[in-house]
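Read the structure below first, then the notes.
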Amino acid sequence: MKTANIREVLLGKPLDPLKSETRHSLALVAFLAWVGLGADGLSSSAYGPEEAFKALGDHGHFGLYLAIATAVTVFIISLSYNQIIELFPTGGGGYRIATVLLGPHAGLVSGAALIVDYVLTIAISVASGVDALFSLLPVGAQASKLAVELGVVVLLIWMNLRGAKESIKILLPIFMGFVITHLIIIVYGLVAHASGFSALIPDTVMETKKLASDTSWVFTIALLLKAYSLGGGTYTGIEAVSNNVNSLAEPRVHTGKMTMLYMAFSLAFTAGGIILLYLLWNARPVEGQTLNAVVFHSILGNMGLTGGTLAIALAATLAFEAGLLLVAANTGFLGGPSVLANMATDSWVPHKFRYLSTRLVTQNGVLVMGIAALAILLWSAGKVDLLVVLYSINVFLTFSMSLAGLCRYWMKHREDKRWLSRLALSSLGLLVTASILLVTTVEKFSEGGWITILITTIVIGICLCINAHYRNTKEKIRSVDEVFASQPFGRHVGPVLPNPDDQTAVFIVGSSRGGGLHALLWVQRMFPGHFKNFIFMNARTVDTHAYGGEGEVERIREEANATLSYFVDFCHSHGMASSAYLGFGTDAVVELTTMCRSLSEEYSSAIFFTSKLIFEQDNWFTRLLHNQAALSIQRRLHFDGLQMVILPMKV
């Protein structure tokens, strides 16, 4: 079986990015976006409320404050992020807003933090989910846990390479199973002990005053802040919608806001509701069980379930909880590649992370996120307690930078009638997220939080090196363009049409006019009078930026046609026969190879030429940052018996 056929069987048939119905069929409506992007935050309710409640120690009644604070905070952050969706409807989220509103280096910090966070999202979600499933198995099965975790990551990689919408549809039953089971348990648990609310409020007030009098108000507030911050994992995942607005169905802003509304209600209800269940049902830690398992067991028993029926119901509920953690891992495969693609557009990471596969997903980003998650799982041996520490810092760094950017934006746009209310909301959100970031960093730094900071710093350093190389290369290419820009046009007036029977030179060109003229003049100098036809061809890549932006493909088409017309007009002005061809695809090598084969049928004596950047120090770094398209096309054409010459272009 051919490689192309194997790929089609595994990943599905190629999709045409230029068809409007293709994007329509792939775009996520609010409900599917809630499933695909909201699972990260919702799954945090499996461990976020428990971490917060345990931090209260013997002062469990303060859980009432936590439940209220959790619900309020979720809505504050969600409403703040709605502004990001409005301002950046093509996606990019925390990275894009930090770049535009705070500067490129602030964007780099935010983007690097998000990348690390999404890798850890995959790792911790898979590890936590498998842990929950293995808690239902005999102790002897624990030895196979890490292998299962690695297998799950590989499975998620495959699902996402097939397409985001397909992966979400596969995981939809798990998501809905979690929502339904937890909705029933939380509603029943609250209603069954509704009478406890009358005593809960005065008891909480009394305990608060007693603790403050026994210690101090400073200690009391500090205890609440610590518990509140340690449960901050509940709020993660909210940023995923703003990062992926470009994948939502039109109208994108409305769809994004609806998705955010679904996320806010479901997360606030679930996380806040679970904390109230701990209080009303007097949940206490049991060795080998989560607090959720303890309180769910009590509630299901109160429903009248006993024996095997109770065990099955509890196992099903916990299995859906574990399953949702696996769905949450999928959020990392949606959000992470999106951030990488946006950073690639700004040349912080290799440009290849912008490119889409034939299934119109950011294949390189999916693979990198998956491989990095596999490495983290192997390094940590899948230990959830270690991964939680690594995971707990970066997302609030991004939250804080995004909200600081919004504050700055509204301070500069006071002509907008909404500026004061928007500034107040953004400032409140910044206060909340910055306080959580500060407390979490202090509390978790010595426990392993420093590792996250170190990894993020290393990523930032690598991005700075990559960006410096790209800037240097662009400057050198610009110098070449300036040299050839002075080439004079001839005096011949009117087009000169090519004759297919004549000797033909076909030039594969890009956006650099200097590079194209360099190749043309080189061929004329080396083969004077030999070629009669001069054909120029270009294939533009439909990457994430082009595919996500409104009218972006048409803009790229106009730019490419302008460059091709420049070459054709130059040849015509000198009385040389010339024409141009333009193609579009997700893979420039494949598209150009196809165009070359087609042209060779029309011009039987064609020889193909293209330029390749030659660096004084050629190494793995330059080969990573600059694709080897010229060599790939040459190799494919030589197998077809077609001749191609690569011209060196020193930079």
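Each chain in the structure tokens gets a letter, A, B, ..., in the order shown, and its residues are numbered from 1; ligands are numbered from 1 in order too.
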
Residues near Asp502 of chain A, cut-off 12 Å, only C-alpha atoms, skip fewer than 2 positions along chain, as a ChimeraX atom specification: /A:497-500,504-505,529-535,577-578,602-607

Contacts of Thr457 of chain A within 12 Å, only C-alpha atoms, excl. fewer than 3 positions in-chain, as a PyMOL selection string: chain A and resi 108-113+115-116+394+450-454+460-464

Could you write out the selected residues, including all heavy atoms, as a compact mmCIF listing (two decimals), in the first residue's frame?
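Result written to part11.txt:
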# COMPACT_ATOMS: atom_id res chain seq x y z
N LEU A 108 5.69 37.25 23.96
CA LEU A 108 6.55 36.07 24.00
C LEU A 108 6.44 35.35 25.34
O LEU A 108 6.31 34.12 25.39
CB LEU A 108 8.01 36.48 23.74
CG LEU A 108 9.07 35.41 23.99
CD1 LEU A 108 8.86 34.20 23.10
CD2 LEU A 108 10.47 36.00 23.79
N VAL A 109 6.50 36.11 26.43
CA VAL A 109 6.38 35.50 27.77
C VAL A 109 5.03 34.80 27.92
O VAL A 109 4.95 33.66 28.39
CB VAL A 109 6.55 36.58 28.87
CG1 VAL A 109 6.26 35.99 30.25
CG2 VAL A 109 7.95 37.16 28.83
N SER A 110 3.98 35.48 27.49
CA SER A 110 2.63 34.90 27.58
C SER A 110 2.52 33.64 26.72
O SER A 110 1.98 32.62 27.16
CB SER A 110 1.59 35.93 27.15
OG SER A 110 0.28 35.40 27.25
N GLY A 111 3.05 33.70 25.50
CA GLY A 111 2.98 32.56 24.60
C GLY A 111 3.77 31.37 25.13
O GLY A 111 3.30 30.23 25.08
N ALA A 112 4.99 31.63 25.63
CA ALA A 112 5.81 30.54 26.18
C ALA A 112 5.12 29.90 27.38
O ALA A 112 5.13 28.67 27.53
CB ALA A 112 7.18 31.08 26.58
N ALA A 113 4.51 30.74 28.23
CA ALA A 113 3.79 30.20 29.40
C ALA A 113 2.62 29.33 28.95
O ALA A 113 2.36 28.26 29.54
CB ALA A 113 3.30 31.35 30.27
N ILE A 115 2.29 27.66 26.08
CA ILE A 115 2.77 26.41 25.48
C ILE A 115 3.09 25.39 26.55
O ILE A 115 2.67 24.22 26.49
CB ILE A 115 4.01 26.68 24.60
CG1 ILE A 115 3.62 27.48 23.35
CG2 ILE A 115 4.67 25.37 24.18
CD1 ILE A 115 4.81 27.96 22.56
N VAL A 116 3.87 25.82 27.57
CA VAL A 116 4.22 24.92 28.67
C VAL A 116 2.96 24.46 29.39
O VAL A 116 2.81 23.29 29.75
CB VAL A 116 5.19 25.61 29.64
CG1 VAL A 116 5.47 24.71 30.85
CG2 VAL A 116 6.51 25.95 28.93
N ASN A 394 1.67 28.77 35.38
CA ASN A 394 1.73 29.50 34.11
C ASN A 394 0.41 30.08 33.65
O ASN A 394 0.37 31.16 33.06
CB ASN A 394 2.29 28.58 33.02
CG ASN A 394 3.80 28.62 33.00
OD1 ASN A 394 4.42 29.26 33.82
ND2 ASN A 394 4.40 27.94 32.05
N TRP A 450 9.46 25.92 40.75
CA TRP A 450 10.64 26.49 40.10
C TRP A 450 10.94 25.78 38.79
O TRP A 450 11.53 26.38 37.87
CB TRP A 450 11.85 26.41 41.04
CG TRP A 450 12.27 25.00 41.36
CD1 TRP A 450 11.83 24.21 42.38
CD2 TRP A 450 13.23 24.22 40.64
NE1 TRP A 450 12.44 22.99 42.35
CE2 TRP A 450 13.31 22.96 41.29
CE3 TRP A 450 14.02 24.46 39.52
CZ2 TRP A 450 14.16 21.95 40.84
CZ3 TRP A 450 14.86 23.45 39.07
CH2 TRP A 450 14.92 22.22 39.73
N ILE A 451 10.55 24.51 38.68
CA ILE A 451 10.81 23.75 37.45
C ILE A 451 10.00 24.35 36.30
O ILE A 451 10.51 24.52 35.18
CB ILE A 451 10.46 22.26 37.64
CG1 ILE A 451 11.34 21.65 38.73
CG2 ILE A 451 10.63 21.49 36.33
CD1 ILE A 451 11.01 20.21 39.05
N THR A 452 8.74 24.69 36.58
CA THR A 452 7.91 25.32 35.55
C THR A 452 8.50 26.64 35.10
O THR A 452 8.56 26.94 33.90
CB THR A 452 6.48 25.56 36.10
OG1 THR A 452 5.91 24.31 36.49
CG2 THR A 452 5.61 26.21 35.05
N ILE A 453 8.96 27.44 36.08
CA ILE A 453 9.56 28.73 35.75
C ILE A 453 10.82 28.53 34.92
O ILE A 453 11.08 29.26 33.94
CB ILE A 453 9.88 29.51 37.04
CG1 ILE A 453 8.57 29.82 37.79
CG2 ILE A 453 10.63 30.80 36.73
CD1 ILE A 453 8.77 30.44 39.15
N LEU A 454 11.63 27.52 35.27
CA LEU A 454 12.87 27.23 34.53
C LEU A 454 12.55 26.80 33.10
O LEU A 454 13.17 27.30 32.14
CB LEU A 454 13.66 26.14 35.25
CG LEU A 454 14.94 25.66 34.54
CD1 LEU A 454 15.94 26.80 34.40
CD2 LEU A 454 15.56 24.48 35.29
N ILE A 460 11.53 30.62 26.39
CA ILE A 460 11.66 32.02 26.00
C ILE A 460 13.03 32.26 25.36
O ILE A 460 13.14 32.94 24.33
CB ILE A 460 11.47 32.94 27.22
CG1 ILE A 460 10.01 32.90 27.69
CG2 ILE A 460 11.87 34.38 26.89
CD1 ILE A 460 9.77 33.62 29.00
N GLY A 461 14.09 31.70 25.95
CA GLY A 461 15.44 31.86 25.40
C GLY A 461 15.56 31.29 24.00
O GLY A 461 16.16 31.91 23.11
N ILE A 462 14.98 30.11 23.78
CA ILE A 462 15.02 29.49 22.46
C ILE A 462 14.27 30.35 21.44
O ILE A 462 14.74 30.56 20.31
CB ILE A 462 14.41 28.06 22.52
CG1 ILE A 462 15.30 27.15 23.36
CG2 ILE A 462 14.23 27.49 21.12
CD1 ILE A 462 14.68 25.79 23.64
N CYS A 463 13.11 30.87 21.85
CA CYS A 463 12.32 31.72 20.96
C CYS A 463 13.08 32.99 20.57
O CYS A 463 13.00 33.45 19.43
CB CYS A 463 10.99 32.08 21.62
SG CYS A 463 9.84 30.71 21.79
N LEU A 464 13.81 33.57 21.52
CA LEU A 464 14.59 34.77 21.23
C LEU A 464 15.68 34.48 20.19
O LEU A 464 15.92 35.30 19.28
CB LEU A 464 15.23 35.30 22.51
CG LEU A 464 14.28 36.00 23.50
CD1 LEU A 464 14.99 36.27 24.82
CD2 LEU A 464 13.73 37.30 22.91

Pick from A:Ser128, A:Ser565, A:Asn330, A:Gln487 nearest to Gly36 of chain A, counting only C-alpha atoms: A:Asn330

Could you list, as a VMD selection string, every residue within 10 Å of segment 304-316 of chain A, counting only C-alpha atoms and ignoring same-chain residues fewer than 5 positions away? chain A and resid 132 to 133 135 to 136 177 to 178 181 293 to 294 296 to 299 321 to 322

Those residues you just picked out, can you put them in a file as a compact mmCIF listing (two decimals), in the first residue's frame with all heavy atoms?
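Saved as selection.txt:
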# COMPACT_ATOMS: atom_id res chain seq x y z
N ALA A 132 -7.64 7.69 38.12
CA ALA A 132 -9.02 7.45 38.55
C ALA A 132 -9.52 6.10 38.06
O ALA A 132 -10.19 5.36 38.80
CB ALA A 132 -9.92 8.57 38.05
N LEU A 133 -9.19 5.75 36.82
CA LEU A 133 -9.63 4.47 36.29
C LEU A 133 -8.96 3.30 37.00
O LEU A 133 -9.60 2.29 37.32
CB LEU A 133 -9.32 4.40 34.78
CG LEU A 133 -10.16 5.30 33.87
CD1 LEU A 133 -9.65 5.23 32.44
CD2 LEU A 133 -11.63 4.90 33.93
N SER A 135 -7.97 3.24 40.00
CA SER A 135 -8.43 3.10 41.38
C SER A 135 -9.57 2.10 41.48
O SER A 135 -9.90 1.62 42.57
CB SER A 135 -8.90 4.46 41.91
OG SER A 135 -10.04 4.91 41.20
N LEU A 136 -10.16 1.77 40.33
CA LEU A 136 -11.23 0.76 40.29
C LEU A 136 -10.68 -0.64 40.05
O LEU A 136 -11.43 -1.61 40.07
CB LEU A 136 -12.23 1.11 39.18
CG LEU A 136 -12.92 2.48 39.29
CD1 LEU A 136 -13.73 2.75 38.04
CD2 LEU A 136 -13.81 2.54 40.53
N GLY A 177 -21.69 12.44 29.56
CA GLY A 177 -21.87 11.53 30.69
C GLY A 177 -21.46 12.20 31.99
O GLY A 177 -22.14 12.08 33.02
N PHE A 178 -20.34 12.92 31.95
CA PHE A 178 -19.89 13.65 33.15
C PHE A 178 -20.92 14.71 33.54
O PHE A 178 -21.29 14.83 34.72
CB PHE A 178 -18.54 14.31 32.87
CG PHE A 178 -18.07 15.20 33.98
CD1 PHE A 178 -17.28 14.71 35.00
CD2 PHE A 178 -18.42 16.55 34.01
CE1 PHE A 178 -16.85 15.53 36.04
CE2 PHE A 178 -18.00 17.38 35.04
CZ PHE A 178 -17.21 16.87 36.06
N THR A 181 -24.25 13.01 34.98
CA THR A 181 -24.09 12.35 36.29
C THR A 181 -23.82 13.37 37.40
O THR A 181 -24.39 13.29 38.49
CB THR A 181 -22.96 11.31 36.25
OG1 THR A 181 -21.74 11.94 35.80
CG2 THR A 181 -23.30 10.16 35.33
N ALA A 293 -15.14 11.16 45.64
CA ALA A 293 -15.59 9.77 45.77
C ALA A 293 -16.33 9.58 47.09
O ALA A 293 -17.37 8.89 47.15
CB ALA A 293 -14.40 8.82 45.67
N VAL A 294 -15.82 10.19 48.16
CA VAL A 294 -16.43 10.04 49.48
C VAL A 294 -17.83 10.63 49.50
O VAL A 294 -18.80 9.99 49.92
CB VAL A 294 -15.55 10.71 50.56
CG1 VAL A 294 -16.28 10.72 51.91
CG2 VAL A 294 -14.22 10.00 50.69
N PHE A 296 -19.75 11.54 46.92
CA PHE A 296 -20.63 10.92 45.93
C PHE A 296 -21.20 9.60 46.47
O PHE A 296 -22.36 9.26 46.24
CB PHE A 296 -19.90 10.67 44.61
CG PHE A 296 -19.54 11.93 43.86
CD1 PHE A 296 -18.70 11.88 42.76
CD2 PHE A 296 -20.06 13.17 44.23
CE1 PHE A 296 -18.37 13.03 42.05
CE2 PHE A 296 -19.73 14.32 43.54
CZ PHE A 296 -18.87 14.26 42.45
N HIS A 297 -20.35 8.86 47.17
CA HIS A 297 -20.80 7.59 47.75
C HIS A 297 -21.93 7.83 48.75
O HIS A 297 -22.95 7.10 48.77
CB HIS A 297 -19.62 6.89 48.45
CG HIS A 297 -19.95 5.55 49.00
ND1 HIS A 297 -20.51 5.37 50.25
CD2 HIS A 297 -19.81 4.29 48.47
CE1 HIS A 297 -20.70 4.08 50.48
NE2 HIS A 297 -20.29 3.40 49.41
N SER A 298 -21.78 8.86 49.57
CA SER A 298 -22.82 9.18 50.56
C SER A 298 -24.12 9.58 49.89
O SER A 298 -25.21 9.16 50.29
CB SER A 298 -22.33 10.31 51.48
OG SER A 298 -21.17 9.93 52.18
N ILE A 299 -24.02 10.39 48.84
CA ILE A 299 -25.22 10.88 48.16
C ILE A 299 -25.93 9.76 47.42
O ILE A 299 -27.17 9.63 47.49
CB ILE A 299 -24.85 12.02 47.18
CG1 ILE A 299 -24.36 13.24 47.96
CG2 ILE A 299 -26.04 12.40 46.31
CD1 ILE A 299 -23.78 14.34 47.10
N GLU A 321 -15.84 10.94 35.33
CA GLU A 321 -14.94 11.98 35.82
C GLU A 321 -13.54 11.77 35.24
O GLU A 321 -12.88 12.71 34.80
CB GLU A 321 -14.90 11.94 37.34
CG GLU A 321 -14.29 13.18 37.97
CD GLU A 321 -14.49 13.20 39.47
OE1 GLU A 321 -13.64 12.66 40.19
OE2 GLU A 321 -15.50 13.77 39.93
N ALA A 322 -13.10 10.51 35.26
CA ALA A 322 -11.79 10.19 34.68
C ALA A 322 -11.80 10.43 33.18
O ALA A 322 -10.83 10.95 32.61
CB ALA A 322 -11.44 8.73 34.98
